[in-house]
file coords35.cif (mmCIF, C-alpha atoms)
data_structure
#
loop_
_atom_site.label_atom_id
_atom_site.label_comp_id
_atom_site.auth_asym_id
_atom_site.auth_seq_id
_atom_site.Cartn_x
_atom_site.Cartn_y
_atom_site.Cartn_z
CA MET I 1 24.83 -13.69 -40.17
CA GLU I 2 24.50 -12.85 -43.86
CA ARG I 3 20.96 -12.93 -45.25
CA PRO I 4 20.17 -16.59 -46.09
CA ARG I 5 19.03 -17.17 -49.64
CA HIS I 6 16.43 -19.66 -48.49
CA LEU I 7 15.93 -22.43 -46.00
CA GLY I 8 18.58 -25.07 -46.23
CA LEU I 9 19.62 -28.39 -44.77
CA TRP I 10 21.99 -28.89 -41.88
CA LEU I 11 24.79 -31.16 -42.96
CA LEU I 12 27.52 -32.27 -40.62
CA LEU I 13 30.53 -31.54 -42.75
CA LEU I 14 34.02 -31.16 -41.43
CA SER I 15 36.59 -29.07 -43.26
CA ALA I 16 40.27 -29.10 -42.41
CA THR I 17 41.76 -25.76 -41.46
CA GLY I 18 45.07 -24.58 -40.21
CA SER I 19 43.90 -24.93 -36.61
CA GLY I 20 41.93 -28.16 -36.74
CA LEU I 21 38.44 -29.15 -37.76
CA LEU I 22 35.52 -26.77 -37.98
CA LEU I 23 31.85 -27.53 -38.27
CA ARG I 24 30.35 -25.82 -41.30
CA TRP I 25 26.77 -25.24 -42.40
CA TYR I 26 25.92 -25.77 -46.04
CA SER I 27 22.60 -24.67 -47.43
CA GLY I 28 20.41 -26.77 -49.62
CA TYR I 29 19.37 -25.39 -52.98
CA SER I 30 15.78 -24.71 -53.92
CA SER I 31 14.54 -25.43 -57.43
CA ARG I 32 12.26 -22.38 -57.19
CA ALA I 33 13.52 -19.08 -58.55
CA LEU I 34 13.78 -16.35 -55.94
CA GLU I 35 10.99 -13.79 -55.92
CA PRO I 36 12.41 -10.30 -56.53
CA ARG I 37 11.20 -7.06 -55.02
CA ASP I 38 9.16 -6.13 -58.11
CA GLY I 39 7.49 -9.55 -58.35
CA ARG I 40 9.29 -10.73 -61.49
CA ALA I 41 11.10 -14.06 -61.47
CA CYS I 42 14.85 -13.98 -60.94
CA SER I 43 15.38 -15.69 -64.27
CA SER I 44 19.09 -16.42 -63.93
CA SER I 45 19.61 -16.63 -60.19
CA LEU I 46 22.68 -18.22 -58.69
CA ASP I 47 20.51 -20.92 -57.13
CA LEU I 48 19.23 -22.08 -60.50
CA ALA I 49 22.70 -22.11 -62.03
CA LEU I 50 23.98 -24.26 -59.18
CA GLN I 51 21.24 -26.81 -59.77
CA ARG I 52 23.00 -27.64 -63.03
CA ARG I 53 26.49 -27.69 -61.49
CA PRO I 54 26.56 -30.09 -58.50
CA ARG I 55 30.35 -29.94 -58.21
CA LEU I 56 30.34 -26.16 -57.87
CA ARG I 57 27.34 -26.43 -55.58
CA ARG I 58 29.43 -28.52 -53.21
CA GLN I 59 32.40 -26.17 -53.54
CA LEU I 60 30.45 -23.00 -52.77
CA ASN I 61 29.40 -22.47 -49.17
CA LEU I 62 26.78 -19.78 -49.60
CA SER I 63 26.01 -19.76 -45.89
CA ILE I 64 29.52 -18.94 -44.72
CA GLN I 65 29.90 -15.88 -42.51
CA VAL I 66 31.19 -13.22 -44.90
CA LEU I 67 31.50 -10.33 -42.47
CA LEU I 68 33.19 -10.01 -39.10
CA TRP I 69 31.56 -7.90 -36.38
CA GLY I 70 31.62 -7.47 -32.62
CA GLY I 71 28.96 -10.04 -31.89
CA LEU I 72 31.25 -12.79 -33.16
CA PHE I 73 34.27 -11.94 -31.02
CA THR I 74 34.81 -14.71 -28.47
CA GLN I 75 37.75 -16.42 -26.85
CA GLU I 76 37.14 -19.36 -29.15
CA LEU I 77 37.36 -17.14 -32.23
CA TRP I 78 40.51 -15.47 -30.92
CA ASP I 79 42.17 -18.84 -30.28
CA HIS I 80 41.15 -20.06 -33.73
CA LEU I 81 42.24 -17.03 -35.78
CA SER I 82 45.44 -16.57 -33.77
CA GLN I 83 46.74 -19.68 -35.50
CA ARG I 84 46.86 -18.00 -38.92
CA GLY I 85 48.59 -14.87 -40.15
CA GLY I 86 46.83 -12.06 -41.99
CA PRO I 87 44.71 -11.73 -44.00
CA TYR I 88 43.56 -15.20 -42.95
CA GLY I 89 43.80 -14.64 -39.19
CA TRP I 90 45.26 -12.68 -36.30
CA GLN I 91 48.59 -14.36 -35.63
CA GLY I 92 50.95 -11.82 -34.07
CA LEU I 93 48.30 -9.09 -33.84
CA SER I 94 47.26 -7.20 -30.72
CA ARG I 95 44.18 -8.66 -29.06
CA GLU I 96 43.42 -5.25 -27.55
CA THR I 97 43.40 -3.63 -31.00
CA ILE I 98 41.21 -6.34 -32.52
CA ALA I 99 38.77 -6.28 -29.60
CA SER I 100 38.48 -2.48 -29.49
CA THR I 101 37.83 -2.32 -33.24
CA LEU I 102 35.22 -5.08 -33.27
CA GLY I 103 33.56 -3.57 -30.24
CA LEU I 104 32.60 -0.61 -32.41
CA LEU I 105 30.96 -2.89 -35.00
CA ASN I 106 28.26 -3.96 -32.61
CA ASP I 107 24.87 -3.86 -34.36
CA SER I 108 22.99 -5.58 -37.19
CA GLU I 109 24.27 -3.08 -39.77
CA SER I 110 27.75 -4.44 -39.21
CA SER I 111 26.70 -8.06 -39.54
CA GLU I 112 24.95 -7.82 -42.92
CA LEU I 113 26.07 -6.45 -46.24
CA PHE I 114 22.61 -5.32 -47.32
CA ALA I 115 20.07 -3.48 -45.18
CA VAL I 116 16.76 -5.34 -45.59
CA PRO I 117 13.74 -3.20 -44.67
CA LYS I 118 11.24 -4.69 -42.23
CA GLY I 119 8.40 -6.56 -43.87
CA ARG I 120 10.32 -7.26 -47.05
CA GLY I 121 11.40 -10.75 -47.95
CA PRO I 122 14.60 -11.55 -49.86
CA GLY I 123 14.60 -10.15 -53.37
CA CYS I 124 16.48 -10.81 -56.56
CA ILE I 125 19.57 -8.77 -55.75
CA ARG I 126 21.53 -7.92 -58.91
CA CYS I 127 25.11 -6.78 -58.36
CA ALA I 128 27.79 -5.39 -60.66
CA VAL I 129 31.43 -5.62 -59.59
CA VAL I 130 33.58 -3.16 -61.49
CA GLY I 131 37.30 -3.81 -61.74
CA ASN I 132 39.72 -1.36 -63.28
CA GLY I 133 40.80 -3.34 -66.35
CA GLY I 134 41.49 -1.62 -69.66
CA ILE I 135 38.82 -3.72 -71.34
CA LEU I 136 36.30 -1.14 -70.09
CA ASN I 137 37.81 1.74 -72.03
CA GLY I 138 35.37 2.41 -74.87
CA SER I 139 33.03 -0.33 -73.68
CA ARG I 140 29.96 1.92 -73.21
CA GLN I 141 28.82 -0.29 -70.33
CA GLY I 142 28.08 2.52 -67.90
CA GLN I 143 24.32 2.39 -68.26
CA ASN I 144 24.28 -1.39 -67.88
CA ILE I 145 26.45 -1.19 -64.76
CA ASP I 146 24.29 1.45 -63.10
CA ALA I 147 21.13 -0.59 -63.81
CA HIS I 148 22.17 -3.13 -61.15
CA ASP I 149 20.77 -2.89 -57.63
CA TYR I 150 24.25 -2.56 -56.16
CA VAL I 151 27.58 -1.59 -57.72
CA PHE I 152 30.89 -2.64 -56.12
CA ARG I 153 34.10 -0.78 -56.95
CA LEU I 154 37.66 -1.09 -55.69
CA ASN I 155 41.09 0.51 -55.47
CA GLY I 156 41.65 3.22 -58.13
CA ALA I 157 38.00 3.57 -59.13
CA VAL I 158 38.19 6.56 -61.48
CA ILE I 159 34.71 7.64 -62.56
CA GLU I 160 34.83 11.25 -63.77
CA GLY I 161 35.26 11.32 -67.53
CA PHE I 162 34.53 7.59 -67.88
CA GLU I 163 30.85 7.51 -66.93
CA LYS I 164 29.78 6.09 -70.31
CA ASP I 165 32.14 3.15 -69.83
CA VAL I 166 31.95 2.47 -66.08
CA GLY I 167 28.83 4.28 -64.84
CA ASN I 168 28.71 6.59 -61.83
CA LYS I 169 26.85 4.55 -59.22
CA THR I 170 28.81 3.20 -56.26
CA SER I 171 27.17 1.18 -53.48
CA PHE I 172 30.26 -0.50 -52.01
CA TYR I 173 33.96 0.34 -52.22
CA GLY I 174 36.41 -2.43 -51.28
CA PHE I 175 40.06 -2.02 -50.32
CA THR I 176 42.89 -2.59 -47.92
CA VAL I 177 44.60 0.43 -46.40
CA ASN I 178 47.65 -0.46 -48.47
CA THR I 179 45.76 -0.64 -51.77
CA VAL I 180 43.76 2.54 -51.26
CA LYS I 181 46.84 4.54 -50.30
CA GLY I 182 48.78 3.05 -53.18
CA SER I 183 45.97 3.92 -55.59
CA LEU I 184 45.76 7.51 -54.37
CA LEU I 185 49.50 7.87 -54.84
CA SER I 186 49.83 6.06 -58.18
CA TYR I 187 46.65 7.20 -59.95
CA ARG I 188 46.14 10.73 -58.66
CA ALA I 189 47.37 12.24 -61.91
CA LEU I 190 45.01 9.91 -63.80
CA GLY I 191 41.93 11.10 -61.94
CA PHE I 192 41.75 9.09 -58.71
CA THR I 193 42.02 11.98 -56.29
CA SER I 194 39.79 10.73 -53.48
CA VAL I 195 38.04 7.66 -52.16
CA PRO I 196 34.41 7.46 -53.34
CA GLN I 197 32.05 9.06 -50.83
CA GLY I 198 28.28 9.31 -50.46
CA GLN I 199 25.55 8.98 -47.87
CA ALA I 200 24.38 5.58 -49.10
CA LEU I 201 27.86 4.25 -49.94
CA ARG I 202 29.39 1.55 -47.72
CA TYR I 203 33.07 0.64 -47.31
CA ILE I 204 34.36 -2.94 -47.30
CA PHE I 205 37.58 -3.22 -45.30
CA ILE I 206 39.76 -6.20 -46.24
CA PRO I 207 41.85 -6.87 -43.11
CA ALA I 208 45.25 -7.65 -44.61
CA ASP I 209 47.12 -6.71 -41.43
CA ILE I 210 46.87 -4.69 -38.21
CA ARG I 211 46.84 -1.30 -39.94
CA ASP I 212 43.39 -2.07 -41.39
CA TYR I 213 41.93 -2.64 -37.92
CA VAL I 214 43.61 0.48 -36.57
CA MET I 215 42.40 2.65 -39.47
CA LEU I 216 38.88 1.25 -39.20
CA ARG I 217 38.71 1.99 -35.47
CA SER I 218 39.98 5.53 -36.00
CA ALA I 219 37.52 6.13 -38.83
CA ILE I 220 34.53 5.12 -36.69
CA LEU I 221 35.71 7.20 -33.73
CA GLY I 222 36.51 10.18 -35.95
CA VAL I 223 40.05 10.55 -34.59
CA THR I 224 43.50 10.55 -36.11
CA VAL I 225 45.31 7.21 -36.28
CA PRO I 226 47.18 6.87 -32.96
CA GLU I 227 49.79 4.28 -33.86
CA GLY I 228 51.54 2.23 -36.51
CA ARG I 229 52.48 3.05 -40.11
CA ASP I 230 49.53 5.43 -40.53
CA ARG I 231 50.06 7.35 -37.28
CA GLY I 232 48.70 10.89 -37.52
CA ASP I 233 46.54 10.09 -40.54
CA ASN I 234 43.03 11.56 -40.59
CA PRO I 235 40.48 8.97 -41.79
CA GLN I 236 37.94 11.71 -42.52
CA ILE I 237 40.04 12.62 -45.53
CA TYR I 238 39.20 9.25 -47.01
CA PHE I 239 35.71 8.48 -45.72
CA GLY I 240 34.17 11.87 -44.98
CA PRO I 241 33.28 13.60 -41.70
CA ASP I 242 30.18 11.54 -40.89
CA ALA I 243 31.55 8.01 -41.21
CA SER I 244 29.68 6.17 -38.47
CA ALA I 245 30.10 2.45 -37.77
CA GLY I 246 27.16 1.66 -40.05
CA LYS I 247 29.16 2.75 -43.10
CA PHE I 248 31.81 0.08 -42.64
CA LYS I 249 31.86 -3.65 -43.38
CA LEU I 250 34.78 -5.88 -42.40
CA LEU I 251 35.51 -9.11 -44.25
CA HIS I 252 35.86 -12.12 -41.98
CA PRO I 253 39.37 -13.67 -42.07
CA ASP I 254 37.70 -17.09 -42.22
CA PHE I 255 35.90 -16.02 -45.39
CA ILE I 256 39.16 -14.88 -46.97
CA HIS I 257 40.74 -18.19 -45.97
CA TYR I 258 37.81 -20.18 -47.36
CA VAL I 259 37.77 -18.54 -50.82
CA THR I 260 41.57 -18.81 -51.04
CA GLU I 261 41.69 -22.48 -50.09
CA ARG I 262 38.78 -23.53 -52.29
CA PHE I 263 39.27 -21.35 -55.36
CA LEU I 264 42.52 -19.42 -55.48
CA THR I 265 45.48 -21.34 -54.10
CA PRO I 266 48.25 -21.55 -56.72
CA ARG I 267 50.53 -24.59 -56.79
CA TRP I 268 53.65 -22.48 -56.57
CA ILE I 269 52.68 -20.61 -53.40
CA HIS I 270 54.72 -22.55 -50.83
CA ARG I 271 57.82 -22.69 -53.02
CA THR I 272 58.15 -18.95 -53.43
CA ILE I 273 56.43 -16.35 -51.26
CA GLY I 274 54.52 -18.57 -48.84
CA ASP I 275 52.26 -16.61 -46.50
CA GLN I 276 52.74 -13.36 -48.44
CA TYR I 277 50.28 -14.59 -51.05
CA MET I 278 46.67 -13.41 -51.02
CA PRO I 279 43.95 -13.04 -53.66
CA SER I 280 43.75 -9.62 -55.29
CA THR I 281 41.38 -6.98 -53.97
CA GLY I 282 39.24 -7.43 -57.06
CA ALA I 283 38.98 -11.17 -56.49
CA LEU I 284 37.94 -10.75 -52.86
CA VAL I 285 35.32 -8.12 -53.70
CA LEU I 286 33.92 -10.22 -56.55
CA LEU I 287 33.73 -13.34 -54.37
CA THR I 288 32.08 -11.26 -51.63
CA ALA I 289 29.39 -10.28 -54.10
CA LEU I 290 29.03 -13.88 -55.28
CA HIS I 291 28.29 -15.01 -51.72
CA THR I 292 25.76 -12.27 -51.00
CA CYS I 293 23.97 -11.39 -54.27
CA ASP I 294 21.58 -13.43 -56.42
CA GLN I 295 23.04 -12.32 -59.76
CA VAL I 296 26.59 -11.07 -60.25
CA SER I 297 28.03 -9.31 -63.29
CA ALA I 298 31.80 -8.73 -63.44
CA TYR I 299 33.17 -5.82 -65.47
CA GLY I 300 36.81 -4.86 -65.95
CA PHE I 301 38.27 -8.19 -64.88
CA ILE I 302 41.05 -10.02 -66.66
CA THR I 303 39.91 -12.06 -69.66
CA ARG I 304 41.68 -14.48 -71.97
CA ASN I 305 42.54 -11.72 -74.47
CA TYR I 306 43.84 -9.30 -71.83
CA LYS I 307 46.89 -8.42 -73.95
CA LYS I 308 44.63 -6.46 -76.31
CA PHE I 309 43.86 -3.92 -73.61
CA SER I 310 45.74 -1.51 -71.39
CA ASN I 311 46.32 -2.26 -67.70
CA HIS I 312 43.58 0.20 -66.59
CA TYR I 313 40.66 1.78 -68.40
CA PHE I 314 41.84 5.21 -67.23
CA ASP I 315 45.41 4.87 -68.57
CA ARG I 316 46.40 7.72 -70.88
CA SER I 317 48.68 5.49 -72.91
CA ASN I 318 48.67 1.76 -73.47
CA LYS I 319 50.35 -0.14 -70.64
CA ALA I 320 50.75 -3.88 -70.24
CA LEU I 321 48.97 -5.65 -67.41
CA VAL I 322 51.15 -5.73 -64.28
CA PHE I 323 51.51 -9.11 -62.57
CA TYR I 324 52.34 -8.85 -58.86
CA LEU I 325 54.20 -11.65 -57.13
CA ASN I 326 51.79 -11.82 -54.19
CA HIS I 327 48.76 -12.42 -56.48
CA ASP I 328 48.01 -14.94 -59.21
CA LEU I 329 45.95 -13.02 -61.75
CA LEU I 330 46.01 -15.80 -64.33
CA LEU I 331 44.56 -18.22 -61.79
CA GLU I 332 41.88 -15.66 -60.99
CA ALA I 333 41.15 -15.20 -64.70
CA ALA I 334 40.69 -18.95 -65.11
CA LEU I 335 38.22 -18.92 -62.20
CA TRP I 336 36.17 -16.09 -63.74
CA ARG I 337 35.97 -18.00 -67.04
CA LYS I 338 34.89 -21.14 -65.21
CA LEU I 339 32.19 -19.35 -63.25
CA HIS I 340 31.00 -17.52 -66.37
CA LYS I 341 30.76 -20.74 -68.36
CA ALA I 342 28.80 -22.34 -65.52
CA GLY I 343 26.37 -19.43 -65.38
CA ILE I 344 27.41 -18.57 -61.82
CA ILE I 345 28.53 -15.06 -62.81
CA TRP I 346 28.35 -13.05 -66.02
CA LEU I 347 31.78 -11.83 -67.16
CA TYR I 348 32.03 -8.88 -69.52
CA GLN I 349 34.23 -9.81 -72.48
CA ARG I 350 35.13 -8.24 -75.84
#

call {"tool": "encode", "arguments": {"input": "coords35.cif", "output": "structure tokens"}}
result
Amino acid sequence: MERPRHLGLWLLLLSATGSGLLLRWYSGYSSRALEPRDGRACSSSLDLALQRRPRLRRQLNLSIQVLLWGGLFTQELWDHLSQRGGPYGWQGLSRETIASTLGLLNDSESSELFAVPKGRGPGCIRCAVVGNGGILNGSRQGQNIDAHDYVFRLNGAVIEGFEKDVGNKTSFYGFTVNTVKGSLLSYRALGFTSVPQGQALRYIFIPADIRDYVMLRSAILGVTVPEGRDRGDNPQIYFGPDASAGKFKLLHPDFIHYVTERFLTPRWIHRTIGDQYMPSTGALVLLTALHTCDQVSAYGFITRNYKKFSNHYFDRSNKALVFYLNHDLLLEAALWRKLHKAGIIWLYQR
């Protein structure tokens, strides 16, 4: 499971899901600030902020399983997730494909986002999540971003030429196969010519559909994609030649379902696109960080005055923000403002 923030209380809480009732574990919240690696107090930790916000404390399940790995694959899990379509489950997907992919994610590296060295207790983990919003152009936030312990990026994460605004450190890169391929196609001329790579960098796969599982399996095995829309594709082009299983993290469909149901379900969803709706990649990466880090700073996300800025910080001319039908960016923006006001995250604004 994900690293627990601290000891909690077992509460027998039942939450309704698409396939019935599931037992959840909710942690208690300590009034003591977490002790960081360097011995200084974590002065604005998530735990302390939640002490002042009991409603959000009840809404956030900080002990939920964020990542999916081979050790969790059981008949019970298959039966449960087969009731929901992607990205919230496995309805209509090949059990053989799912099982063979998860079988490669079979050690502790796959079950935890952060590698915690032996003998070290939990520290004050400070994370920056960098979206691609135009608000970052001219922001000069690069040094502040890189000062965080971990930096999350996503989709068309152009860095070269924008280091002063967005930094150059990348710890995690989050995507779906669809979004990364779309970014490489759409933003190549703007500087996004390859997926970020590096020995210490880790990739967060968001399993939107079967192609994500197939690509992940092929990447770990170091073979071309054998089937589906990406047949013949070489994952080494994206992730490098030495992409072992330890480099990949896979979001749990239950986690995606949980954050959608609790935070990001628009009222219009069932009247229009139904099960085609999902939170944006940026939203899922930011909420992943929120459930695993002690402090989270969000850069390049939509703010109330978004019309003042171009769609992306790397745009060469001013372009209006694009609203996609399968996302609700205004709902996401309202959530970021709410969490910022509550002290749960820090949102960069201008």

call {"tool": "resolve_selection", "arguments": {"input": "coords35.cif", "expression": "the PyMOL selection byres ((chain I and resi 301) around 6)", "output": "ChimeraX atom specification"}}
result
/I:131,133,299-300,302

call {"tool": "closest_residue", "arguments": {"input": "coords35.cif", "among": "I:Cys124, I:Ile204, I:Val225, I:Ala298", "to": "Ser110 (chain I)", "atoms": "all atoms listed in the file"}}
result
I:Ile204

call {"tool": "atom_distance", "arguments": {"input": "coords35.cif", "atom1": "CA of Phe192 (chain I)", "atom2": "CA of Val158 (chain I)"}}
result
5.2 Å

call {"tool": "residues_around", "arguments": {"input": "coords35.cif", "residues": "Asn305 (chain I)", "least_positions_apart": "6", "cutoff": "10 Å", "atoms": "all atoms listed in the file", "output": "PyMOL selection string"}}
result
chain I and resi 135+349-350

call {"tool": "resolve_selection", "arguments": {"input": "coords35.cif", "expression": "the PyMOL selection byres ((chain I and resi 214) around 12)", "output": "PyMOL selection string"}}
result
chain I and resi 93-102+104+176-177+205+207-213+215-221+223-235

call {"tool": "closest_residue", "arguments": {"input": "coords35.cif", "among": "I:Met278, I:Ile206, I:Leu264, I:Leu201", "to": "Asp242 (chain I)", "atoms": "all atoms listed in the file"}}
result
I:Leu201
